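For reference, work_26.cif (mmCIF, C-alpha atoms and all ligand atoms):
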data_my_file
loop_
_atom_site.group_PDB
_atom_site.id
_atom_site.type_symbol
_atom_site.label_atom_id
_atom_site.label_comp_id
_atom_site.auth_asym_id
_atom_site.auth_seq_id
_atom_site.Cartn_x
_atom_site.Cartn_y
_atom_site.Cartn_z
ATOM 1 C CA MET A 1 -1.334 5.656 -20.253
ATOM 2 C CA ASP A 2 -4.409 7.896 -20.023
ATOM 3 C CA LYS A 3 -4.845 8.883 -16.387
ATOM 4 C CA LEU A 4 -4.407 12.571 -17.257
ATOM 5 C CA THR A 5 -5.780 12.731 -20.802
ATOM 6 C CA ASN A 6 -7.072 16.238 -21.663
ATOM 7 C CA LYS A 7 -5.552 17.669 -18.474
ATOM 8 C CA VAL A 8 -3.197 20.648 -18.426
ATOM 9 C CA ALA A 9 -0.550 20.742 -15.709
ATOM 10 C CA ILE A 10 2.020 23.270 -14.552
ATOM 11 C CA VAL A 11 4.979 21.826 -12.664
ATOM 12 C CA THR A 12 7.164 24.522 -11.113
ATOM 13 C CA GLY A 13 10.867 23.827 -10.910
ATOM 14 C CA ALA A 14 10.698 21.043 -13.481
ATOM 15 C CA SER A 15 14.074 21.517 -15.156
ATOM 16 C CA LYS A 16 15.613 18.844 -12.954
ATOM 17 C CA GLY A 17 15.124 16.581 -9.942
ATOM 18 C CA ILE A 18 11.704 15.773 -8.546
ATOM 19 C CA GLY A 19 9.911 18.333 -10.743
ATOM 20 C CA ALA A 20 11.360 16.881 -13.948
ATOM 21 C CA ALA A 21 10.190 13.397 -12.945
ATOM 22 C CA ILE A 22 6.681 14.634 -12.145
ATOM 23 C CA ALA A 23 6.434 16.477 -15.478
ATOM 24 C CA THR A 24 7.596 13.356 -17.309
ATOM 25 C CA TYR A 25 5.136 11.053 -15.511
ATOM 26 C CA PHE A 26 2.232 13.441 -16.082
ATOM 27 C CA ALA A 27 2.999 13.777 -19.808
ATOM 28 C CA ALA A 28 3.291 9.988 -20.181
ATOM 29 C CA GLU A 29 -0.296 9.782 -18.878
ATOM 30 C CA GLY A 30 -1.587 12.259 -21.442
ATOM 31 C CA ALA A 31 -1.293 15.632 -19.706
ATOM 32 C CA LYS A 32 -0.147 18.722 -21.559
ATOM 33 C CA VAL A 33 2.634 19.942 -19.326
ATOM 34 C CA VAL A 34 4.227 23.313 -18.640
ATOM 35 C CA VAL A 35 7.809 22.724 -17.550
ATOM 36 C CA ASN A 36 8.707 25.762 -15.460
ATOM 37 C CA TYR A 37 12.266 26.702 -14.604
ATOM 38 C CA ALA A 38 14.112 29.684 -13.125
ATOM 39 C CA SER A 39 17.509 29.660 -14.874
ATOM 40 C CA SER A 40 18.196 26.159 -16.265
ATOM 41 C CA LYS A 41 16.840 26.599 -19.802
ATOM 42 C CA GLU A 42 18.958 23.711 -21.038
ATOM 43 C CA GLY A 43 17.570 21.390 -18.375
ATOM 44 C CA ALA A 44 13.980 22.422 -19.074
ATOM 45 C CA ASP A 45 14.459 22.029 -22.832
ATOM 46 C CA LYS A 46 15.822 18.506 -22.278
ATOM 47 C CA VAL A 47 12.761 17.567 -20.227
ATOM 48 C CA VAL A 48 10.468 18.922 -22.971
ATOM 49 C CA GLU A 49 12.467 17.088 -25.672
ATOM 50 C CA ALA A 50 12.235 13.800 -23.768
ATOM 51 C CA ILE A 51 8.477 14.245 -23.320
ATOM 52 C CA THR A 52 7.832 15.071 -26.975
ATOM 53 C CA ALA A 53 10.118 12.255 -28.142
ATOM 54 C CA ASN A 54 7.862 9.938 -26.148
ATOM 55 C CA GLY A 55 4.769 11.282 -27.933
ATOM 56 C CA GLY A 56 3.773 13.742 -25.204
ATOM 57 C CA THR A 57 3.056 17.461 -25.182
ATOM 58 C CA ALA A 58 5.047 20.017 -23.216
ATOM 59 C CA ILE A 59 6.476 23.524 -23.296
ATOM 60 C CA ALA A 60 9.185 25.136 -21.186
ATOM 61 C CA VAL A 61 8.379 28.474 -19.545
ATOM 62 C CA GLN A 62 10.927 30.510 -17.615
ATOM 63 C CA ALA A 63 9.561 32.196 -14.504
ATOM 64 C CA ASP A 64 11.066 32.885 -11.100
ATOM 65 C CA VAL A 65 8.212 31.897 -8.784
ATOM 66 C CA SER A 66 9.347 34.387 -6.156
ATOM 67 C CA LYS A 67 8.558 37.250 -8.559
ATOM 68 C CA GLU A 68 4.888 38.146 -8.877
ATOM 69 C CA ALA A 69 5.130 39.424 -12.463
ATOM 70 C CA ASP A 70 6.905 36.208 -13.519
ATOM 71 C CA VAL A 71 4.205 34.037 -11.960
ATOM 72 C CA ILE A 72 1.443 36.024 -13.667
ATOM 73 C CA ARG A 73 3.280 35.617 -16.991
ATOM 74 C CA LEU A 74 3.722 31.856 -16.377
ATOM 75 C CA PHE A 75 -0.053 31.442 -16.158
ATOM 76 C CA GLU A 76 -0.705 33.769 -19.106
ATOM 77 C CA GLU A 77 1.651 31.684 -21.248
ATOM 78 C CA THR A 78 -0.079 28.522 -20.071
ATOM 79 C CA LYS A 79 -3.464 29.964 -21.037
ATOM 80 C CA ASN A 80 -2.120 31.065 -24.428
ATOM 81 C CA ALA A 81 -0.663 27.612 -25.113
ATOM 82 C CA TYR A 82 -3.372 25.325 -23.738
ATOM 83 C CA GLY A 83 -6.399 27.501 -22.906
ATOM 84 C CA THR A 84 -6.984 26.183 -19.388
ATOM 85 C CA LEU A 85 -5.389 24.566 -16.349
ATOM 86 C CA ASN A 86 -6.307 21.501 -14.304
ATOM 87 C CA ILE A 87 -3.270 20.708 -12.150
ATOM 88 C CA LEU A 88 -0.638 22.812 -10.373
ATOM 89 C CA VAL A 89 2.387 21.208 -8.722
ATOM 90 C CA ASN A 90 4.280 23.623 -6.478
ATOM 91 C CA ASN A 91 7.642 21.888 -6.583
ATOM 92 C CA ALA A 92 10.137 24.750 -7.069
ATOM 93 C CA GLY A 93 12.119 25.036 -3.887
ATOM 94 C CA VAL A 94 15.468 25.685 -2.306
ATOM 95 C CA TYR A 95 17.104 24.095 0.727
ATOM 96 C CA GLN A 96 20.252 25.153 2.502
ATOM 97 C CA PHE A 97 21.406 24.142 5.932
ATOM 98 C CA CYS A 98 23.478 26.226 8.351
ATOM 99 C CA PRO A 99 23.876 26.812 12.081
ATOM 100 C CA ILE A 100 21.755 29.599 13.548
ATOM 101 C CA GLU A 101 24.920 31.634 14.211
ATOM 102 C CA GLN A 102 25.237 31.964 10.416
ATOM 103 C CA PHE A 103 21.585 32.821 9.812
ATOM 104 C CA THR A 104 21.069 35.752 7.428
ATOM 105 C CA THR A 105 18.028 37.735 6.394
ATOM 106 C CA ASP A 106 18.990 37.046 2.778
ATOM 107 C CA SER A 107 18.704 33.304 3.382
ATOM 108 C CA PHE A 108 15.367 33.806 5.156
ATOM 109 C CA HIS A 109 13.927 35.806 2.272
ATOM 110 C CA GLN A 110 15.292 33.462 -0.395
ATOM 111 C CA HIS A 111 13.735 30.408 1.282
ATOM 112 C CA PHE A 112 10.419 32.011 2.134
ATOM 113 C CA ASN A 113 10.082 33.906 -1.150
ATOM 114 C CA ILE A 114 10.603 30.794 -3.276
ATOM 115 C CA ASN A 115 9.146 28.019 -1.102
ATOM 116 C CA VAL A 116 6.181 29.877 0.407
ATOM 117 C CA LEU A 117 5.428 33.135 -1.413
ATOM 118 C CA GLY A 118 6.040 31.463 -4.784
ATOM 119 C CA SER A 119 3.559 28.711 -3.942
ATOM 120 C CA LEU A 120 0.894 31.191 -2.781
ATOM 121 C CA LEU A 121 1.293 33.326 -5.904
ATOM 122 C CA ALA A 122 1.036 30.265 -8.136
ATOM 123 C CA ILE A 123 -2.052 28.996 -6.308
ATOM 124 C CA ARG A 124 -3.744 32.394 -6.640
ATOM 125 C CA GLU A 125 -3.187 32.398 -10.395
ATOM 126 C CA ALA A 126 -4.128 28.711 -10.723
ATOM 127 C CA VAL A 127 -7.465 29.224 -8.998
ATOM 128 C CA LYS A 128 -8.273 31.938 -11.554
ATOM 129 C CA LEU A 129 -7.389 29.665 -14.473
ATOM 130 C CA PHE A 130 -8.965 26.406 -13.285
ATOM 131 C CA GLY A 131 -12.179 25.688 -15.205
ATOM 132 C CA ASP A 132 -15.684 25.013 -13.896
ATOM 133 C CA ASN A 133 -14.784 21.402 -13.038
ATOM 134 C CA GLY A 134 -12.357 22.505 -10.346
ATOM 135 C CA GLY A 135 -8.668 21.759 -10.086
ATOM 136 C CA ASN A 136 -5.881 20.031 -8.298
ATOM 137 C CA ILE A 137 -2.980 21.489 -6.319
ATOM 138 C CA ILE A 138 -0.052 19.420 -5.090
ATOM 139 C CA ASN A 139 2.464 21.111 -2.815
ATOM 140 C CA ILE A 140 5.856 19.435 -2.575
ATOM 141 C CA SER A 141 6.654 19.810 1.091
ATOM 142 C CA SER A 142 9.183 17.714 3.032
ATOM 143 C CA GLU A 143 9.416 15.282 5.934
ATOM 144 C CA VAL A 144 11.272 18.112 7.729
ATOM 145 C CA SER A 145 7.940 19.915 8.095
ATOM 146 C CA LYS A 146 7.014 17.405 10.796
ATOM 147 C CA MET A 147 10.556 16.377 11.853
ATOM 148 C CA PRO A 148 12.710 19.525 11.578
ATOM 149 C CA MET A 149 16.417 18.761 11.472
ATOM 150 C CA SER A 150 19.349 20.486 13.143
ATOM 151 C CA THR A 151 20.713 23.376 11.008
ATOM 152 C CA GLY A 152 17.519 23.308 8.940
ATOM 153 C CA SER A 153 15.308 25.698 10.910
ATOM 154 C CA VAL A 154 14.594 28.071 8.030
ATOM 155 C CA TYR A 155 13.940 25.351 5.450
ATOM 156 C CA ALA A 156 11.746 23.367 7.865
ATOM 157 C CA ALA A 157 9.778 26.519 8.669
ATOM 158 C CA THR A 158 9.015 27.057 4.980
ATOM 159 C CA LYS A 159 7.707 23.519 4.574
ATOM 160 C CA ALA A 160 5.623 23.688 7.772
ATOM 161 C CA ALA A 161 4.138 26.890 6.358
ATOM 162 C CA LEU A 162 3.418 25.120 3.085
ATOM 163 C CA ASP A 163 1.588 22.320 4.915
ATOM 164 C CA ALA A 164 -0.495 24.911 6.777
ATOM 165 C CA ILE A 165 -1.368 26.466 3.421
ATOM 166 C CA THR A 166 -2.410 23.025 2.138
ATOM 167 C CA ILE A 167 -4.822 22.500 5.035
ATOM 168 C CA ALA A 168 -6.287 26.025 4.967
ATOM 169 C CA LEU A 169 -6.807 26.062 1.223
ATOM 170 C CA SER A 170 -8.257 22.554 1.118
ATOM 171 C CA LYS A 171 -11.038 23.926 3.315
ATOM 172 C CA GLU A 172 -11.366 27.187 1.403
ATOM 173 C CA LEU A 173 -11.360 25.664 -2.084
ATOM 174 C CA GLY A 174 -13.204 22.386 -1.554
ATOM 175 C CA ALA A 175 -16.536 23.931 -2.542
ATOM 176 C CA LYS A 176 -15.003 24.735 -5.932
ATOM 177 C CA ASN A 177 -13.913 21.097 -6.290
ATOM 178 C CA ILE A 178 -10.282 22.125 -5.997
ATOM 179 C CA ARG A 179 -8.246 19.537 -4.128
ATOM 180 C CA VAL A 180 -5.094 20.585 -2.258
ATOM 181 C CA ASN A 181 -2.574 18.095 -0.877
ATOM 182 C CA SER A 182 1.040 18.024 0.311
ATOM 183 C CA ILE A 183 3.596 15.367 -0.510
ATOM 184 C CA LEU A 184 6.321 15.055 2.112
ATOM 185 C CA PRO A 185 9.373 13.431 0.504
ATOM 186 C CA GLY A 186 12.135 11.934 2.591
ATOM 187 C CA SER A 187 15.649 12.281 1.238
ATOM 188 C CA VAL A 188 15.621 11.992 -2.556
ATOM 189 C CA GLU A 189 18.704 11.948 -4.777
ATOM 190 C CA THR A 190 18.517 14.919 -7.152
ATOM 191 C CA GLU A 191 20.743 17.492 -8.782
ATOM 192 C CA GLY A 192 19.978 19.618 -5.712
ATOM 193 C CA THR A 193 21.235 17.033 -3.218
ATOM 194 C CA HIS A 194 24.376 16.582 -5.304
ATOM 195 C CA SER A 195 25.089 20.321 -5.511
ATOM 196 C CA THR A 196 24.440 20.882 -1.790
ATOM 197 C CA GLY A 197 26.765 17.999 -0.864
ATOM 198 C CA ILE A 198 24.085 15.848 0.784
ATOM 199 C CA THR A 199 24.582 12.964 -1.643
ATOM 200 C CA GLY A 200 27.440 10.776 -0.418
ATOM 201 C CA SER A 201 27.734 12.630 2.904
ATOM 202 C CA ASP A 202 27.649 11.365 6.494
ATOM 203 C CA LEU A 203 24.257 13.051 6.741
ATOM 204 C CA GLU A 204 22.981 10.832 3.940
ATOM 205 C CA LYS A 205 24.324 7.723 5.734
ATOM 206 C CA MET A 206 22.405 8.789 8.848
ATOM 207 C CA LEU A 207 19.255 9.345 6.797
ATOM 208 C CA ILE A 208 19.508 5.861 5.276
ATOM 209 C CA ALA A 209 20.110 4.333 8.721
ATOM 210 C CA ASN A 210 16.879 5.979 9.916
ATOM 211 C CA THR A 211 14.885 4.777 6.890
ATOM 212 C CA PRO A 212 13.219 1.356 7.321
ATOM 213 C CA LEU A 213 13.239 0.726 3.571
ATOM 214 C CA GLY A 214 16.997 1.250 3.692
ATOM 215 C CA ARG A 215 17.658 3.544 0.767
ATOM 216 C CA ILE A 216 17.541 7.122 -0.446
ATOM 217 C CA GLY A 217 14.553 7.914 -2.645
ATOM 218 C CA GLN A 218 14.634 8.609 -6.357
ATOM 219 C CA PRO A 219 12.558 11.282 -8.130
ATOM 220 C CA ASP A 220 10.343 8.546 -9.639
ATOM 221 C CA ASP A 221 9.284 7.517 -6.107
ATOM 222 C CA ILE A 222 7.742 10.958 -5.654
ATOM 223 C CA ALA A 223 6.410 11.300 -9.205
ATOM 224 C CA LYS A 224 4.331 8.114 -8.882
ATOM 225 C CA VAL A 225 2.512 9.508 -5.850
ATOM 226 C CA ALA A 226 2.078 12.924 -7.470
ATOM 227 C CA LEU A 227 0.497 11.141 -10.444
ATOM 228 C CA PHE A 228 -1.900 9.320 -8.137
ATOM 229 C CA LEU A 229 -2.913 12.567 -6.401
ATOM 230 C CA ALA A 230 -3.342 14.326 -9.744
ATOM 231 C CA SER A 231 -5.559 11.559 -11.116
ATOM 232 C CA ASP A 232 -9.226 10.795 -10.546
ATOM 233 C CA GLU A 233 -8.131 7.830 -8.432
ATOM 234 C CA ALA A 234 -7.577 10.411 -5.680
ATOM 235 C CA ALA A 235 -10.878 12.217 -6.330
ATOM 236 C CA TRP A 236 -11.901 12.158 -2.656
ATOM 237 C CA ILE A 237 -8.512 13.080 -1.158
ATOM 238 C CA THR A 238 -7.860 16.647 -0.061
ATOM 239 C CA GLY A 239 -6.095 18.411 2.786
ATOM 240 C CA GLU A 240 -3.716 15.496 3.286
ATOM 241 C CA LYS A 241 0.012 15.431 4.028
ATOM 242 C CA ILE A 242 1.323 12.259 2.433
ATOM 243 C CA SER A 243 4.766 11.029 3.437
ATOM 244 C CA VAL A 244 6.786 9.385 0.670
ATOM 245 C CA SER A 245 9.955 8.648 2.515
ATOM 246 C CA GLY A 246 10.730 4.954 2.919
ATOM 247 C CA GLY A 247 9.308 5.382 6.424
ATOM 248 C CA ILE A 248 12.028 7.714 7.720
ATOM 249 C CA TYR A 249 11.571 8.252 11.451
ATOM 250 C CA GLY A 250 14.243 10.763 12.391
ATOM 251 C CA PHE A 251 16.750 13.306 11.197
HETATM 252 P P1 LIG B 1 16.618 20.572 -7.351
HETATM 253 O O1 LIG B 1 17.196 19.350 -7.933
HETATM 254 O O2 LIG B 1 17.531 21.572 -6.723
HETATM 255 O O3 LIG B 1 15.721 21.305 -8.433
HETATM 256 C C1 LIG B 1 15.076 22.498 -8.037
HETATM 257 C C2 LIG B 1 14.146 22.955 -9.130
HETATM 258 O O4 LIG B 1 13.473 24.145 -8.646
HETATM 259 C C3 LIG B 1 14.884 23.343 -10.387
HETATM 260 O O5 LIG B 1 14.093 23.026 -11.508
HETATM 261 C C4 LIG B 1 15.007 24.859 -10.253
HETATM 262 O O6 LIG B 1 15.057 25.553 -11.497
HETATM 263 C C5 LIG B 1 13.696 25.185 -9.576
HETATM 264 N N1 LIG B 1 13.722 26.483 -8.913
HETATM 265 C C6 LIG B 1 14.537 26.909 -7.928
HETATM 266 N N2 LIG B 1 14.248 28.188 -7.624
HETATM 267 C C7 LIG B 1 13.242 28.556 -8.439
HETATM 268 C C8 LIG B 1 12.508 29.733 -8.623
HETATM 269 N N3 LIG B 1 12.758 30.847 -7.885
HETATM 270 N N4 LIG B 1 11.526 29.784 -9.554
HETATM 271 C C9 LIG B 1 11.261 28.681 -10.313
HETATM 272 N N5 LIG B 1 11.928 27.536 -10.194
HETATM 273 C C10 LIG B 1 12.906 27.476 -9.261
HETATM 274 O O7 LIG B 1 15.535 20.227 -6.201
HETATM 275 P P2 LIG B 1 14.864 18.848 -5.768
HETATM 276 O O8 LIG B 1 15.783 18.157 -4.851
HETATM 277 O O9 LIG B 1 14.324 18.140 -6.947
HETATM 278 O O10 LIG B 1 13.651 19.407 -4.860
HETATM 279 C C11 LIG B 1 12.427 19.748 -5.455
HETATM 280 C C12 LIG B 1 11.419 20.046 -4.334
HETATM 281 O O11 LIG B 1 11.329 18.927 -3.471
HETATM 282 C C13 LIG B 1 11.790 21.236 -3.450
HETATM 283 O O12 LIG B 1 10.639 21.953 -3.104
HETATM 284 C C14 LIG B 1 12.395 20.574 -2.237
HETATM 285 O O13 LIG B 1 12.282 21.371 -1.082
HETATM 286 C C15 LIG B 1 11.550 19.324 -2.140
HETATM 287 N N6 LIG B 1 12.187 18.226 -1.409
HETATM 288 C C16 LIG B 1 13.347 17.674 -1.883
HETATM 289 C C17 LIG B 1 13.931 16.638 -1.162
HETATM 290 C C18 LIG B 1 15.211 15.981 -1.617
HETATM 291 O O14 LIG B 1 15.788 15.223 -0.810
HETATM 292 N N7 LIG B 1 15.672 16.207 -2.824
HETATM 293 C C19 LIG B 1 13.333 16.178 0.028
HETATM 294 C C20 LIG B 1 12.159 16.772 0.448
HETATM 295 C C21 LIG B 1 11.589 17.785 -0.263
HETATM 296 P P3 LIG B 1 16.481 26.030 -12.118
HETATM 297 O O15 LIG B 1 17.246 24.778 -12.335
HETATM 298 O O16 LIG B 1 16.116 26.749 -13.357
HETATM 299 O O17 LIG B 1 17.085 26.909 -11.055
#
Encoded form using structure tokens:
Amino acid sequence: MDKLTNKVAIVTGASKGIGAAIATYFAAEGAKVVVNYASSKEGADKVVEAITANGGTAIAVQADVSKEADVIRLFEETKNAYGTLNILVNNAGVYQFCPIEQFTTDSFHQHFNINVLGSLLAIREAVKLFGDNGGNIINISSEVSKMPMSTGSVYAATKAALDAITIALSKELGAKNIRVNSILPGSVETEGTHSTGITGSDLEKMLIANTPLGRIGQPDDIAKVALFLASDEAAWITGEKISVSGGIYGF
């Protein structure tokens, strides 16, 4: 119950899905958590209420990670509330799938601005706020970064970019004792997979068939590994891309 005592963590996109689970796990281990969201205030407030009802500490902060001024404000509000920062989880992300004939520049910019630019902006601000003891950055990537799937070229490109950022920054920031790692989830049931129609689809059946452990993941499956990476148990792990996917071997 004390793996993250006295730590302050920002989890982007924590109003639902994987981010909400990570925020909840971190708070249960003693972290003071900033539950970021873009538009789902109700969802973020529910996550904060559940954390505080369980004896934890959390606040909800609205910020669209694709907007520089919002990201700067997110970190200012974190500093005002908790004074410092130890852990950043870049989880906020979007994923849409479509044939290349329907590719649009709007879709490109939405994916890259949220999944890639948003992560870079957040890391820049985190590095400024981390204290003298260093910090910890966890980028929520995807198995598609190493196994891109048909109709997912744009999304896969954002996650491959995120993994490249993980490797580059692990080298750049290691001397400051800042660890940077990617988690690559397989298919995980979330509000996002319900709203995009993945849950219950033929695609999901194919994903399960290609997963040795024979099931779709749940947000807790990812949160447990994020907790490990955020904790001192992972003190000598940086620059890694860790698959959490039931062993999925193809899309
Ligand atoms: P989700 O259920 O759709 O939730 C997305 C979260 O991101 C929400 O909290 C949403 O906030 C937030 N968000 C979206 N755009 C944002 C923005 N511009 N600024 C700040 N927050 C924003 O998604 P999920 O399935 O949990 O996925 C979470 C992450 O895991 C994503 O990076 C995704 O690519 C990755 N991932 C998911 C799966 C999967 O199968 N689910 C697999 C591999 C990787 P609002 O609700 O306020 O919009």
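Among the candidates A:Lys67, A:Arg179, A:Lys79, A:Arg73, the residue lying nearest to A:Ile114 is A:Lys67 (atoms considered: all atoms listed in the file).
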Open item on the list: Could you check which residues have any atom within 12 Å of (9.4, 20.8, 16.0), counting only C-alpha atoms with coordinates taken straight from the file, and then list them as a PyMOL selection string?
Closed with: chain A and resi 143-150+152-154+156-157+159-160+250-251
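Across the chains present, the PyMOL selection byres (((chain A and resi 134) around 12) and not hetatm) applied to this file returns A:Lys7, A:Thr84, A:Leu85, A:Asn86, A:Ile87, A:Leu88, A:Ala126, A:Val127, A:Lys128, A:Leu129, A:Phe130, A:Gly131, A:Asp132, A:Asn133, A:Gly135, A:Asn136, A:Ile137, A:Leu173, A:Gly174, A:Ala175, A:Lys176, A:Asn177, A:Ile178, A:Arg179, A:Val180, A:Ala235.
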Please save C-alpha atoms of the selected residues as a PDB file, in the coordinates of the input.
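again.pdb, freshly written:
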ATOM      1  CA  LYS A   7      -5.552  17.669 -18.474  1.00  0.00           C
ATOM      2  CA  THR A  84      -6.984  26.183 -19.388  1.00  0.00           C
ATOM      3  CA  LEU A  85      -5.389  24.566 -16.349  1.00  0.00           C
ATOM      4  CA  ASN A  86      -6.307  21.501 -14.304  1.00  0.00           C
ATOM      5  CA  ILE A  87      -3.270  20.708 -12.150  1.00  0.00           C
ATOM      6  CA  LEU A  88      -0.638  22.812 -10.373  1.00  0.00           C
ATOM      7  CA  ALA A 126      -4.128  28.711 -10.723  1.00  0.00           C
ATOM      8  CA  VAL A 127      -7.465  29.224  -8.998  1.00  0.00           C
ATOM      9  CA  LYS A 128      -8.273  31.938 -11.554  1.00  0.00           C
ATOM     10  CA  LEU A 129      -7.389  29.665 -14.473  1.00  0.00           C
ATOM     11  CA  PHE A 130      -8.965  26.406 -13.285  1.00  0.00           C
ATOM     12  CA  GLY A 131     -12.179  25.688 -15.205  1.00  0.00           C
ATOM     13  CA  ASP A 132     -15.684  25.013 -13.896  1.00  0.00           C
ATOM     14  CA  ASN A 133     -14.784  21.402 -13.038  1.00  0.00           C
ATOM     15  CA  GLY A 135      -8.668  21.759 -10.086  1.00  0.00           C
ATOM     16  CA  ASN A 136      -5.881  20.031  -8.298  1.00  0.00           C
ATOM     17  CA  ILE A 137      -2.980  21.489  -6.319  1.00  0.00           C
ATOM     18  CA  LEU A 173     -11.360  25.664  -2.084  1.00  0.00           C
ATOM     19  CA  GLY A 174     -13.204  22.386  -1.554  1.00  0.00           C
ATOM     20  CA  ALA A 175     -16.536  23.931  -2.542  1.00  0.00           C
ATOM     21  CA  LYS A 176     -15.003  24.735  -5.932  1.00  0.00           C
ATOM     22  CA  ASN A 177     -13.913  21.097  -6.290  1.00  0.00           C
ATOM     23  CA  ILE A 178     -10.282  22.125  -5.997  1.00  0.00           C
ATOM     24  CA  ARG A 179      -8.246  19.537  -4.128  1.00  0.00           C
ATOM     25  CA  VAL A 180      -5.094  20.585  -2.258  1.00  0.00           C
ATOM     26  CA  ALA A 235     -10.878  12.217  -6.330  1.00  0.00           C
TER      27      ALA A 235
END
Task: Explicit residue set for the PyMOL selection byres (((chain A and resi 9-12) around 8) and not hetatm), as a PyMOL selection string - done: chain A and resi 7-8+13-14+19+22-23+26+31-37+65+78+85-92
- [ ] Write as a VMD selection string the residues around ligand LIG 1 (chain B), taking 8 Å as the cut-off and counting only C-alpha atoms and all ligand atoms.
- [x] chain A and resid 12 to 20 36 to 41 43 to 44 62 to 67 90 to 95 113 to 115 118 140 to 144 155 159 184 to 193 195 217 219
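Nearest residue to A:Lys3 among A:Ala27, A:Ile59, A:Ile216, A:Val244 is A:Ala27, counting all atoms listed in the file.
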